[in-house]
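**Student:** Okay, so here is entry_6.csv, and as you'll see once you scroll down, it has CSV, N, CA and C atoms.
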```csv
chain,number,residue,atom,x,y,z
W,14,MET,N,18.6,-43.8,32.0
W,14,MET,CA,17.9,-44.8,31.2
W,14,MET,C,16.8,-44.0,30.3
W,15,ARG,N,16.8,-44.3,29.1
W,15,ARG,CA,15.9,-43.6,28.2
W,15,ARG,C,14.8,-44.6,27.8
W,16,ILE,N,13.5,-44.2,27.9
W,16,ILE,CA,12.4,-45.0,27.5
W,16,ILE,C,12.0,-44.5,26.1
W,17,PRO,N,11.9,-45.4,25.2
W,17,PRO,CA,11.4,-45.0,23.8
W,17,PRO,C,10.1,-44.3,23.9
W,18,LEU,N,9.9,-43.3,23.1
W,18,LEU,CA,8.8,-42.4,23.2
W,18,LEU,C,7.5,-43.2,23.0
W,19,LEU,N,7.5,-44.2,22.0
W,19,LEU,CA,6.3,-45.0,21.8
W,19,LEU,C,5.9,-45.8,23.0
W,20,SER,N,6.9,-46.4,23.7
W,20,SER,CA,6.7,-47.2,24.9
W,20,SER,C,6.1,-46.3,26.0
W,21,LEU,N,6.7,-45.1,26.2
W,21,LEU,CA,6.2,-44.2,27.2
W,21,LEU,C,4.7,-43.8,26.9
W,22,SER,N,4.4,-43.5,25.6
W,22,SER,CA,3.1,-43.1,25.3
W,22,SER,C,2.1,-44.2,25.5
W,23,LEU,N,2.5,-45.4,25.2
W,23,LEU,CA,1.6,-46.6,25.4
W,23,LEU,C,1.4,-46.8,26.9
W,24,LEU,N,2.4,-46.6,27.7
W,24,LEU,CA,2.3,-46.8,29.1
W,24,LEU,C,1.4,-45.7,29.7
W,25,LEU,N,1.5,-44.5,29.3
W,25,LEU,CA,0.6,-43.4,29.8
W,25,LEU,C,-0.8,-43.6,29.4
W,26,CYS,N,-1.0,-44.0,28.1
W,26,CYS,CA,-2.4,-44.3,27.7
W,26,CYS,C,-3.0,-45.4,28.4
W,27,THR,N,-2.3,-46.4,28.6
W,27,THR,CA,-2.8,-47.6,29.4
W,27,THR,C,-3.2,-47.2,30.8
W,28,ALA,N,-2.3,-46.4,31.4
W,28,ALA,CA,-2.6,-46.0,32.8
W,28,ALA,C,-3.8,-45.1,32.9
W,29,SER,N,-3.9,-44.2,32.0
W,29,SER,CA,-5.0,-43.3,32.1
W,29,SER,C,-6.3,-43.9,31.7
W,30,ALA,N,-6.3,-45.0,30.9
W,30,ALA,CA,-7.5,-45.6,30.5
W,30,ALA,C,-8.1,-46.6,31.5
W,31,ALA,N,-7.4,-46.8,32.6
W,31,ALA,CA,-7.8,-47.8,33.5
W,31,ALA,C,-9.1,-47.3,34.2
W,32,PRO,N,-10.1,-48.2,34.3
W,32,PRO,CA,-11.4,-47.7,34.9
W,32,PRO,C,-11.2,-47.4,36.4
W,33,VAL,N,-12.0,-46.4,36.9
W,33,VAL,CA,-12.0,-46.1,38.3
W,33,VAL,C,-12.7,-47.2,39.0
W,34,GLN,N,-12.1,-47.7,40.1
W,34,GLN,CA,-12.7,-48.8,40.8
W,34,GLN,C,-13.5,-48.4,42.0
W,35,ASP,N,-14.6,-49.0,42.2
W,35,ASP,CA,-15.4,-48.7,43.4
W,35,ASP,C,-14.9,-49.8,44.5
W,36,HIS,N,-14.4,-49.3,45.6
W,36,HIS,CA,-13.9,-50.2,46.6
W,36,HIS,C,-14.8,-50.5,47.7
W,37,GLY,N,-16.1,-50.4,47.5
W,37,GLY,CA,-17.1,-50.7,48.5
W,37,GLY,C,-17.7,-49.5,49.1
W,38,GLY,N,-18.4,-49.7,50.2
W,38,GLY,CA,-19.1,-48.5,50.8
W,38,GLY,C,-20.2,-48.0,50.0
W,39,ILE,N,-20.5,-46.8,50.1
W,39,ILE,CA,-21.6,-46.2,49.4
W,39,ILE,C,-21.4,-46.3,47.9
W,40,ARG,N,-22.5,-46.7,47.2
W,40,ARG,CA,-22.5,-46.8,45.8
W,40,ARG,C,-23.1,-45.5,45.2
W,41,TYR,N,-22.4,-44.8,44.4
W,41,TYR,CA,-22.9,-43.5,43.9
W,41,TYR,C,-24.3,-43.6,43.3
W,42,ALA,N,-24.6,-44.7,42.5
W,42,ALA,CA,-25.9,-44.8,41.8
W,42,ALA,C,-27.0,-45.1,42.8
W,43,GLU,N,-26.7,-45.5,44.1
W,43,GLU,CA,-27.7,-45.8,45.1
W,43,GLU,C,-28.0,-44.6,45.9
W,44,ILE,N,-27.4,-43.4,45.7
W,44,ILE,CA,-27.7,-42.2,46.5
W,44,ILE,C,-29.0,-41.7,45.9
W,45,PRO,N,-30.1,-41.6,46.8
W,45,PRO,CA,-31.4,-41.2,46.2
W,45,PRO,C,-31.4,-39.8,45.7
W,46,ALA,N,-32.3,-39.5,44.8
W,46,ALA,CA,-32.5,-38.1,44.3
W,46,ALA,C,-32.8,-37.1,45.4
W,47,THR,N,-33.4,-37.6,46.5
W,47,THR,CA,-33.8,-36.8,47.6
W,47,THR,C,-32.6,-36.4,48.5
W,48,ALA,N,-31.4,-37.0,48.2
W,48,ALA,CA,-30.3,-36.8,49.1
W,48,ALA,C,-30.0,-35.4,49.4
W,49,TYR,N,-29.6,-35.1,50.6
W,49,TYR,CA,-29.4,-33.8,51.1
W,49,TYR,C,-27.9,-33.7,51.6
W,50,ALA,N,-27.1,-32.9,51.0
W,50,ALA,CA,-25.7,-32.8,51.3
W,50,ALA,C,-25.4,-31.5,52.1
W,51,VAL,N,-24.5,-31.6,53.0
W,51,VAL,CA,-24.1,-30.4,53.8
W,51,VAL,C,-22.6,-30.4,53.9
W,52,VAL,N,-22.0,-29.2,53.8
W,52,VAL,CA,-20.7,-28.9,54.2
W,52,VAL,C,-20.8,-28.0,55.4
W,53,ALA,N,-20.2,-28.4,56.5
W,53,ALA,CA,-20.2,-27.5,57.7
W,53,ALA,C,-18.8,-27.3,58.2
W,54,GLU,N,-18.5,-26.1,58.7
W,54,GLU,CA,-17.2,-25.7,59.1
W,54,GLU,C,-17.3,-25.1,60.5
W,55,ILE,N,-16.2,-25.3,61.3
W,55,ILE,CA,-16.1,-24.7,62.6
W,55,ILE,C,-14.6,-24.5,62.9
W,56,GLN,N,-14.3,-23.4,63.5
W,56,GLN,CA,-12.9,-23.1,63.9
W,56,GLN,C,-12.8,-23.1,65.4
W,57,ALA,N,-11.8,-23.8,65.9
W,57,ALA,CA,-11.6,-23.7,67.4
W,57,ALA,C,-11.0,-22.4,67.8
W,58,LYS,N,-11.4,-22.0,69.0
W,58,LYS,CA,-10.7,-20.8,69.6
W,58,LYS,C,-9.2,-21.1,69.8
W,59,PRO,N,-8.4,-20.1,69.7
W,59,PRO,CA,-7.0,-20.4,70.0
W,59,PRO,C,-6.7,-21.1,71.3
W,60,GLY,N,-6.0,-22.1,71.3
W,60,GLY,CA,-5.7,-22.9,72.5
W,60,GLY,C,-6.7,-24.0,72.8
W,61,LYS,N,-7.8,-24.0,72.0
W,61,LYS,CA,-8.9,-24.9,72.3
W,61,LYS,C,-9.0,-26.0,71.2
W,62,GLU,N,-8.0,-26.1,70.3
W,62,GLU,CA,-8.0,-27.0,69.2
W,62,GLU,C,-8.2,-28.5,69.7
W,63,ASP,N,-7.4,-28.9,70.7
W,63,ASP,CA,-7.4,-30.3,71.2
W,63,ASP,C,-8.7,-30.6,71.8
W,64,GLU,N,-9.3,-29.6,72.6
W,64,GLU,CA,-10.6,-29.9,73.3
W,64,GLU,C,-11.7,-30.0,72.2
W,65,LEU,N,-11.7,-29.2,71.2
W,65,LEU,CA,-12.8,-29.3,70.2
W,65,LEU,C,-12.6,-30.6,69.4
W,66,ARG,N,-11.4,-30.9,69.1
W,66,ARG,CA,-11.1,-32.2,68.4
W,66,ARG,C,-11.6,-33.4,69.2
W,67,ALA,N,-11.4,-33.3,70.5
W,67,ALA,CA,-11.7,-34.4,71.4
W,67,ALA,C,-13.3,-34.6,71.5
W,68,ILE,N,-14.0,-33.5,71.5
W,68,ILE,CA,-15.5,-33.7,71.5
W,68,ILE,C,-16.1,-34.0,70.2
W,69,THR,N,-15.3,-33.7,69.1
W,69,THR,CA,-15.9,-33.8,67.8
W,69,THR,C,-15.6,-35.2,67.2
W,70,LEU,N,-14.5,-35.8,67.5
W,70,LEU,CA,-14.2,-37.1,66.9
W,70,LEU,C,-15.3,-38.2,67.2
W,71,PRO,N,-15.8,-38.2,68.4
W,71,PRO,CA,-16.9,-39.2,68.7
W,71,PRO,C,-18.1,-39.1,67.8
W,72,LEU,N,-18.3,-37.9,67.3
W,72,LEU,CA,-19.5,-37.7,66.4
W,72,LEU,C,-19.5,-38.6,65.2
W,73,VAL,N,-18.3,-38.9,64.7
W,73,VAL,CA,-18.2,-39.7,63.5
W,73,VAL,C,-19.0,-41.0,63.6
W,74,ALA,N,-18.7,-41.8,64.6
W,74,ALA,CA,-19.3,-43.1,64.8
W,74,ALA,C,-20.8,-42.9,65.1
W,75,ASN,N,-21.1,-41.9,65.9
W,75,ASN,CA,-22.5,-41.7,66.3
W,75,ASN,C,-23.4,-41.3,65.1
W,76,VAL,N,-22.9,-40.4,64.3
W,76,VAL,CA,-23.7,-40.0,63.1
W,76,VAL,C,-23.7,-41.0,62.1
W,77,ARG,N,-22.7,-41.8,61.8
W,77,ARG,CA,-22.7,-42.8,60.8
W,77,ARG,C,-23.7,-43.9,61.2
W,78,ALA,N,-24.0,-44.0,62.5
W,78,ALA,CA,-24.9,-45.0,63.0
W,78,ALA,C,-26.4,-44.6,62.9
W,79,GLU,N,-26.6,-43.3,62.6
W,79,GLU,CA,-28.0,-42.8,62.4
W,79,GLU,C,-28.6,-43.5,61.2
W,80,PRO,N,-29.9,-43.8,61.2
W,80,PRO,CA,-30.4,-44.7,60.2
W,80,PRO,C,-30.5,-44.1,58.8
W,81,ASN,N,-30.6,-42.8,58.7
W,81,ASN,CA,-30.7,-42.2,57.3
W,81,ASN,C,-29.5,-41.3,57.0
W,82,ASN,N,-28.3,-41.6,57.6
W,82,ASN,CA,-27.1,-41.0,57.3
W,82,ASN,C,-26.5,-41.8,56.2
W,83,LEU,N,-26.2,-41.2,55.0
W,83,LEU,CA,-25.6,-42.0,53.9
W,83,LEU,C,-24.0,-41.8,53.9
W,84,LEU,N,-23.5,-40.7,54.4
W,84,LEU,CA,-22.1,-40.4,54.3
W,84,LEU,C,-21.8,-39.4,55.3
W,85,TYR,N,-20.7,-39.5,56.0
W,85,TYR,CA,-20.3,-38.5,57.0
W,85,TYR,C,-18.8,-38.6,57.2
W,86,PHE,N,-18.1,-37.5,56.8
W,86,PHE,CA,-16.7,-37.4,56.9
W,86,PHE,C,-16.4,-36.1,57.8
W,87,LEU,N,-15.4,-36.3,58.6
W,87,LEU,CA,-14.9,-35.2,59.4
W,87,LEU,C,-13.4,-34.9,58.9
W,88,HIS,N,-13.1,-33.7,58.6
W,88,HIS,CA,-11.8,-33.3,58.1
W,88,HIS,C,-11.2,-32.3,59.0
W,89,GLU,N,-9.9,-32.2,59.1
W,89,GLU,CA,-9.2,-31.1,59.8
W,89,GLU,C,-8.2,-30.5,58.8
W,90,ASP,N,-8.2,-29.2,58.7
W,90,ASP,CA,-7.3,-28.5,57.8
W,90,ASP,C,-5.9,-28.7,58.3
W,91,ARG,N,-5.0,-29.2,57.4
W,91,ARG,CA,-3.6,-29.5,57.8
W,91,ARG,C,-2.8,-28.2,58.1
W,92,GLU,N,-3.2,-27.1,57.5
W,92,GLU,CA,-2.5,-25.9,57.7
W,92,GLU,C,-3.1,-25.0,58.8
W,93,ARG,N,-4.3,-25.3,59.2
W,93,ARG,CA,-5.0,-24.5,60.3
W,93,ARG,C,-5.5,-25.5,61.3
W,94,PRO,N,-4.7,-26.1,62.2
W,94,PRO,CA,-5.3,-27.0,63.2
W,94,PRO,C,-6.4,-26.4,63.9
W,95,GLY,N,-7.4,-27.2,64.1
W,95,GLY,CA,-8.6,-26.7,64.8
W,95,GLY,C,-9.7,-26.2,63.8
W,96,HIS,N,-9.4,-26.2,62.5
W,96,HIS,CA,-10.4,-25.8,61.5
W,96,HIS,C,-11.0,-27.1,61.0
W,97,PHE,N,-12.2,-27.4,61.4
W,97,PHE,CA,-12.9,-28.7,61.1
W,97,PHE,C,-13.9,-28.5,60.0
W,98,ILE,N,-13.9,-29.4,59.0
W,98,ILE,CA,-14.9,-29.4,57.9
W,98,ILE,C,-15.6,-30.7,57.9
W,99,PHE,N,-16.9,-30.7,57.9
W,99,PHE,CA,-17.7,-31.9,57.9
W,99,PHE,C,-18.3,-32.0,56.5
W,100,TYR,N,-18.3,-33.2,55.9
W,100,TYR,CA,-19.1,-33.4,54.7
W,100,TYR,C,-20.1,-34.5,55.0
W,101,GLU,N,-21.4,-34.2,54.8
W,101,GLU,CA,-22.4,-35.1,55.2
W,101,GLU,C,-23.5,-35.2,54.1
W,102,ILE,N,-24.0,-36.4,54.0
W,102,ILE,CA,-25.1,-36.7,53.1
W,102,ILE,C,-26.2,-37.5,53.9
W,103,PHE,N,-27.4,-37.0,53.9
W,103,PHE,CA,-28.5,-37.6,54.5
W,103,PHE,C,-29.5,-38.0,53.4
W,104,ALA,N,-30.4,-38.9,53.7
W,104,ALA,CA,-31.4,-39.3,52.7
W,104,ALA,C,-32.3,-38.2,52.3
W,105,THR,N,-32.7,-37.3,53.2
W,105,THR,CA,-33.6,-36.2,53.0
W,105,THR,C,-33.2,-35.0,53.9
W,106,GLN,N,-33.8,-33.9,53.6
W,106,GLN,CA,-33.5,-32.7,54.4
W,106,GLN,C,-34.1,-33.0,55.8
W,107,ALA,N,-35.3,-33.6,55.9
W,107,ALA,CA,-35.9,-34.0,57.2
W,107,ALA,C,-34.9,-34.8,58.0
W,108,ASP,N,-34.2,-35.7,57.4
W,108,ASP,CA,-33.2,-36.6,58.1
W,108,ASP,C,-32.1,-35.8,58.6
W,109,PHE,N,-31.6,-34.8,57.8
W,109,PHE,CA,-30.6,-33.9,58.3
W,109,PHE,C,-31.1,-33.1,59.5
W,110,GLU,N,-32.3,-32.6,59.5
W,110,GLU,CA,-32.8,-31.8,60.6
W,110,GLU,C,-33.0,-32.7,61.8
W,111,ALA,N,-33.4,-33.9,61.6
W,111,ALA,CA,-33.5,-34.9,62.7
W,111,ALA,C,-32.1,-35.2,63.3
W,112,HIS,N,-31.1,-35.3,62.5
W,112,HIS,CA,-29.7,-35.5,62.9
W,112,HIS,C,-29.3,-34.3,63.9
W,113,ASN,N,-29.6,-33.1,63.5
W,113,ASN,CA,-29.3,-32.0,64.3
W,113,ASN,C,-30.0,-32.0,65.7
W,114,ALA,N,-31.1,-32.7,65.8
W,114,ALA,CA,-31.8,-32.8,67.1
W,114,ALA,C,-31.4,-34.0,67.9
W,115,THR,N,-30.5,-34.8,67.5
W,115,THR,CA,-30.1,-36.0,68.2
W,115,THR,C,-29.3,-35.5,69.5
W,116,PRO,N,-29.4,-36.3,70.6
W,116,PRO,CA,-28.7,-36.0,71.8
W,116,PRO,C,-27.2,-35.8,71.6
W,117,HIS,N,-26.5,-36.6,70.8
W,117,HIS,CA,-25.1,-36.4,70.6
W,117,HIS,C,-24.7,-35.1,69.9
W,118,VAL,N,-25.5,-34.7,68.9
W,118,VAL,CA,-25.2,-33.5,68.2
W,118,VAL,C,-25.6,-32.3,69.1
W,119,GLN,N,-26.7,-32.4,69.8
W,119,GLN,CA,-27.1,-31.3,70.8
W,119,GLN,C,-26.0,-31.1,71.9
W,120,ALA,N,-25.5,-32.2,72.4
W,120,ALA,CA,-24.4,-32.1,73.4
W,120,ALA,C,-23.2,-31.4,72.8
W,121,TRP,N,-22.9,-31.7,71.6
W,121,TRP,CA,-21.7,-31.1,70.9
W,121,TRP,C,-22.0,-29.6,70.7
W,122,PHE,N,-23.2,-29.2,70.2
W,122,PHE,CA,-23.5,-27.8,70.0
W,122,PHE,C,-23.4,-27.1,71.4
W,123,ALA,N,-23.8,-27.7,72.5
W,123,ALA,CA,-23.8,-27.1,73.8
W,123,ALA,C,-22.4,-26.6,74.2
W,124,ARG,N,-21.4,-27.3,73.7
W,124,ARG,CA,-20.0,-27.0,74.1
W,124,ARG,C,-19.3,-26.0,73.2
W,125,LEU,N,-20.0,-25.6,72.1
W,125,LEU,CA,-19.3,-24.8,71.1
W,125,LEU,C,-19.0,-23.4,71.6
W,126,SER,N,-19.9,-22.8,72.4
W,126,SER,CA,-19.6,-21.4,72.9
W,126,SER,C,-18.3,-21.3,73.6
W,127,GLU,N,-17.9,-22.3,74.3
W,127,GLU,CA,-16.6,-22.3,75.0
W,127,GLU,C,-15.4,-22.7,74.2
W,128,LEU,N,-15.6,-23.5,73.1
W,128,LEU,CA,-14.5,-24.0,72.3
W,128,LEU,C,-14.4,-23.5,70.9
W,129,ALA,N,-15.4,-22.9,70.4
W,129,ALA,CA,-15.4,-22.5,68.9
W,129,ALA,C,-15.3,-21.0,68.8
W,130,ASP,N,-14.6,-20.6,67.8
W,130,ASP,CA,-14.5,-19.2,67.4
W,130,ASP,C,-15.6,-18.9,66.4
W,131,GLY,N,-16.8,-18.7,67.0
W,131,GLY,CA,-18.0,-18.4,66.1
W,131,GLY,C,-18.9,-19.6,65.9
W,132,PRO,N,-20.0,-19.4,65.2
W,132,PRO,CA,-20.9,-20.5,65.0
W,132,PRO,C,-20.5,-21.4,63.9
W,133,VAL,N,-21.2,-22.5,63.8
W,133,VAL,CA,-20.9,-23.4,62.7
W,133,VAL,C,-21.4,-22.8,61.4
W,134,LYS,N,-20.6,-22.8,60.4
W,134,LYS,CA,-21.0,-22.3,59.0
W,134,LYS,C,-21.5,-23.5,58.3
W,135,VAL,N,-22.7,-23.4,57.9
W,135,VAL,CA,-23.3,-24.6,57.2
W,135,VAL,C,-23.7,-24.1,55.7
W,136,THR,N,-23.3,-24.9,54.8
W,136,THR,CA,-23.6,-24.8,53.4
W,136,THR,C,-24.5,-26.0,53.0
W,137,ARG,N,-25.7,-25.7,52.7
W,137,ARG,CA,-26.7,-26.8,52.3
W,137,ARG,C,-26.6,-27.0,50.8
W,138,MET,N,-26.4,-28.2,50.3
W,138,MET,CA,-26.1,-28.4,48.9
W,138,MET,C,-27.0,-29.5,48.3
W,139,GLN,N,-27.1,-29.3,47.0
W,139,GLN,CA,-27.8,-30.4,46.2
W,139,GLN,C,-26.8,-31.1,45.4
W,140,ILE,N,-26.9,-32.4,45.4
W,140,ILE,CA,-26.0,-33.3,44.7
W,140,ILE,C,-26.5,-33.3,43.2
W,141,LEU,N,-25.6,-32.9,42.3
W,141,LEU,CA,-26.0,-32.9,40.9
W,141,LEU,C,-25.5,-34.1,40.1
W,142,ASN,N,-24.5,-34.8,40.6
W,142,ASN,CA,-23.9,-35.8,39.7
W,142,ASN,C,-24.1,-37.2,40.4
W,143,ASN,N,-25.2,-37.5,41.0
W,143,ASN,CA,-25.3,-38.8,41.7
W,143,ASN,C,-26.0,-39.8,40.8
W,144,ARG,N,-26.1,-39.5,39.5
W,144,ARG,CA,-26.6,-40.4,38.5
W,144,ARG,C,-25.6,-40.6,37.4
W,145,PRO,N,-25.4,-41.8,36.9
W,145,PRO,CA,-24.4,-42.0,35.8
W,145,PRO,C,-24.9,-41.2,34.5
```
So that I can check it, write out the structure of this file as structure tokens.

**Tutor:**
Amino acid sequence: MRIPLLSLSLLLCTASAAPVQDHGGIRYAEIPATAYAVVAEIQAKPGKEDELRAITLPLVANVRAEPNNLLYFLHEDRERPGHFIFYEIFATQADFEAHNATPHVQAWFARLSELADGPVKVTRMQILNNRP
């Protein structure tokens, strides 16, 4: 089946012109200028991937319940099982530091020497595009 070139062009222009929809959750314009973003990475020791995953998954609900956590995602590399990447946004740097002192995070850190291949690599970042 051949689609006339004009119809195809019109279809592509219409599709690409559709506005991006916000489906709820955090509103980008509501992220404060003081927001403190972090990307953290940890790699499980060989054979410890399942154990590290098991102690890491409960962090998601606990951290999202912290009062000044704005966003918290846990990712696992599809090509390297046991390589976990966290993307976190807190209202301020002080809130991030307080997060690291919580009992659930401290308990997680306490298990890393047996389960992780090295320390957590943390990249502290500034959000540049949180304003329209």

**Student:** Quick one, how far is CA of Glu127 in chain W from CA of Glu64 in chain W?

**Tutor:**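 Separation of CA of Glu127 in chain W and CA of Glu64 in chain W: 9.8 Å.
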
**Student:** With distances taken over all atoms listed in the file, which of W:Arg124, W:Arg93, W:Leu65, W:Ile102 is nearest to Val52 in chain W?

**Tutor:**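 The answer is W:Ile102, which sits nearest to Val52 in chain W.
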
**Student:** Write out as a list of chain:residue names which residues come within 8 Å of Lys61 in chain W when counting all atoms listed in the file, dropping same-chain ones fewer than 2 positions away.

**Tutor:**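 Final neighbour list, sorted by chain and number: W:Gln56, W:Ala57, W:Lys58, W:Pro59, W:Asp63, W:Glu64, W:Leu65, W:Arg66, W:Ala67, W:Pro94, W:Gly95, W:Glu127, W:Leu128, W:Ala129.
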
**Student:** Could you state the separation of CA of Tyr100 in chain W and CA of Phe86 in chain W in Å, given to one decimal place?

**Tutor:** 5.2 Å

**Student:** Could you tell me how far CA of Ala48 in chain W sits from atom C of Leu125 in chain W, in Å to one decimal place?

**Tutor:**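 About the pair atom C of Leu125 in chain W and CA of Ala48 in chain W: they are 28.5 Å apart.
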
**Student:** Please rebuild range 48-57 of chain W with all heavy atoms and give the result as a PDB file, keeping the file's coordinate frame.

**Tutor:**
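Dumped to rebuild_10.pdb:
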```pdb
ATOM      1  N   ALA W  48     -31.400 -37.000  48.200  1.00  0.00           N
ATOM      2  CA  ALA W  48     -30.300 -36.800  49.100  1.00  0.00           C
ATOM      3  C   ALA W  48     -30.000 -35.400  49.400  1.00  0.00           C
ATOM      4  O   ALA W  48     -30.170 -34.490  48.549  1.00  0.00           O
ATOM      5  CB  ALA W  48     -29.048 -37.485  48.504  1.00  0.00           C
ATOM      6  N   TYR W  49     -29.600 -35.100  50.600  1.00  0.00           N
ATOM      7  CA  TYR W  49     -29.400 -33.800  51.100  1.00  0.00           C
ATOM      8  C   TYR W  49     -27.900 -33.700  51.600  1.00  0.00           C
ATOM      9  O   TYR W  49     -27.564 -34.382  52.577  1.00  0.00           O
ATOM     10  CB  TYR W  49     -30.355 -33.474  52.239  1.00  0.00           C
ATOM     11  CG  TYR W  49     -30.487 -32.035  52.591  1.00  0.00           C
ATOM     12  CD1 TYR W  49     -31.222 -31.167  51.792  1.00  0.00           C
ATOM     13  CD2 TYR W  49     -29.896 -31.532  53.734  1.00  0.00           C
ATOM     14  CE1 TYR W  49     -31.358 -29.835  52.130  1.00  0.00           C
ATOM     15  CE2 TYR W  49     -30.033 -30.200  54.082  1.00  0.00           C
ATOM     16  CZ  TYR W  49     -30.768 -29.356  53.268  1.00  0.00           C
ATOM     17  OH  TYR W  49     -30.906 -28.033  53.606  1.00  0.00           O
ATOM     18  N   ALA W  50     -27.100 -32.900  51.000  1.00  0.00           N
ATOM     19  CA  ALA W  50     -25.700 -32.800  51.300  1.00  0.00           C
ATOM     20  C   ALA W  50     -25.400 -31.500  52.100  1.00  0.00           C
ATOM     21  O   ALA W  50     -26.066 -30.461  51.784  1.00  0.00           O
ATOM     22  CB  ALA W  50     -24.849 -32.860  50.060  1.00  0.00           C
ATOM     23  N   VAL W  51     -24.500 -31.600  53.000  1.00  0.00           N
ATOM     24  CA  VAL W  51     -24.100 -30.400  53.800  1.00  0.00           C
ATOM     25  C   VAL W  51     -22.600 -30.400  53.900  1.00  0.00           C
ATOM     26  O   VAL W  51     -21.956 -31.414  54.098  1.00  0.00           O
ATOM     27  CB  VAL W  51     -24.757 -30.526  55.188  1.00  0.00           C
ATOM     28  CG1 VAL W  51     -24.220 -29.477  56.128  1.00  0.00           C
ATOM     29  CG2 VAL W  51     -26.265 -30.435  55.097  1.00  0.00           C
ATOM     30  N   VAL W  52     -22.000 -29.200  53.800  1.00  0.00           N
ATOM     31  CA  VAL W  52     -20.700 -28.900  54.200  1.00  0.00           C
ATOM     32  C   VAL W  52     -20.800 -28.000  55.400  1.00  0.00           C
ATOM     33  O   VAL W  52     -21.398 -26.925  55.329  1.00  0.00           O
ATOM     34  CB  VAL W  52     -19.822 -28.326  53.123  1.00  0.00           C
ATOM     35  CG1 VAL W  52     -18.449 -27.936  53.643  1.00  0.00           C
ATOM     36  CG2 VAL W  52     -19.693 -29.304  51.970  1.00  0.00           C
ATOM     37  N   ALA W  53     -20.200 -28.400  56.500  1.00  0.00           N
ATOM     38  CA  ALA W  53     -20.200 -27.500  57.700  1.00  0.00           C
ATOM     39  C   ALA W  53     -18.800 -27.300  58.200  1.00  0.00           C
ATOM     40  O   ALA W  53     -17.921 -28.162  58.059  1.00  0.00           O
ATOM     41  CB  ALA W  53     -21.003 -28.214  58.849  1.00  0.00           C
ATOM     42  N   GLU W  54     -18.500 -26.100  58.700  1.00  0.00           N
ATOM     43  CA  GLU W  54     -17.200 -25.700  59.100  1.00  0.00           C
ATOM     44  C   GLU W  54     -17.300 -25.100  60.500  1.00  0.00           C
ATOM     45  O   GLU W  54     -18.183 -24.324  60.794  1.00  0.00           O
ATOM     46  CB  GLU W  54     -16.569 -24.667  58.149  1.00  0.00           C
ATOM     47  CG  GLU W  54     -16.352 -25.179  56.757  1.00  0.00           C
ATOM     48  CD  GLU W  54     -15.701 -24.129  55.872  1.00  0.00           C
ATOM     49  OE1 GLU W  54     -14.608 -23.644  56.241  1.00  0.00           O
ATOM     50  OE2 GLU W  54     -16.301 -23.791  54.840  1.00  0.00           O
ATOM     51  N   ILE W  55     -16.200 -25.300  61.300  1.00  0.00           N
ATOM     52  CA  ILE W  55     -16.100 -24.700  62.600  1.00  0.00           C
ATOM     53  C   ILE W  55     -14.600 -24.500  62.900  1.00  0.00           C
ATOM     54  O   ILE W  55     -13.796 -25.353  62.497  1.00  0.00           O
ATOM     55  CB  ILE W  55     -16.793 -25.617  63.686  1.00  0.00           C
ATOM     56  CG1 ILE W  55     -16.908 -24.889  65.001  1.00  0.00           C
ATOM     57  CG2 ILE W  55     -16.112 -26.944  63.843  1.00  0.00           C
ATOM     58  CD1 ILE W  55     -18.011 -23.901  65.071  1.00  0.00           C
ATOM     59  N   GLN W  56     -14.300 -23.400  63.500  1.00  0.00           N
ATOM     60  CA  GLN W  56     -12.900 -23.100  63.900  1.00  0.00           C
ATOM     61  C   GLN W  56     -12.800 -23.100  65.400  1.00  0.00           C
ATOM     62  O   GLN W  56     -13.618 -22.414  66.064  1.00  0.00           O
ATOM     63  CB  GLN W  56     -12.498 -21.770  63.301  1.00  0.00           C
ATOM     64  CG  GLN W  56     -11.102 -21.325  63.697  1.00  0.00           C
ATOM     65  CD  GLN W  56     -10.005 -22.229  63.164  1.00  0.00           C
ATOM     66  OE1 GLN W  56      -9.967 -22.553  61.991  1.00  0.00           O
ATOM     67  NE2 GLN W  56      -9.107 -22.653  64.033  1.00  0.00           N
ATOM     68  N   ALA W  57     -11.800 -23.800  65.900  1.00  0.00           N
ATOM     69  CA  ALA W  57     -11.600 -23.700  67.400  1.00  0.00           C
ATOM     70  C   ALA W  57     -11.000 -22.400  67.800  1.00  0.00           C
ATOM     71  O   ALA W  57     -10.334 -21.724  67.041  1.00  0.00           O
ATOM     72  CB  ALA W  57     -10.613 -24.835  67.784  1.00  0.00           C
TER      73      ALA W  57
END
```
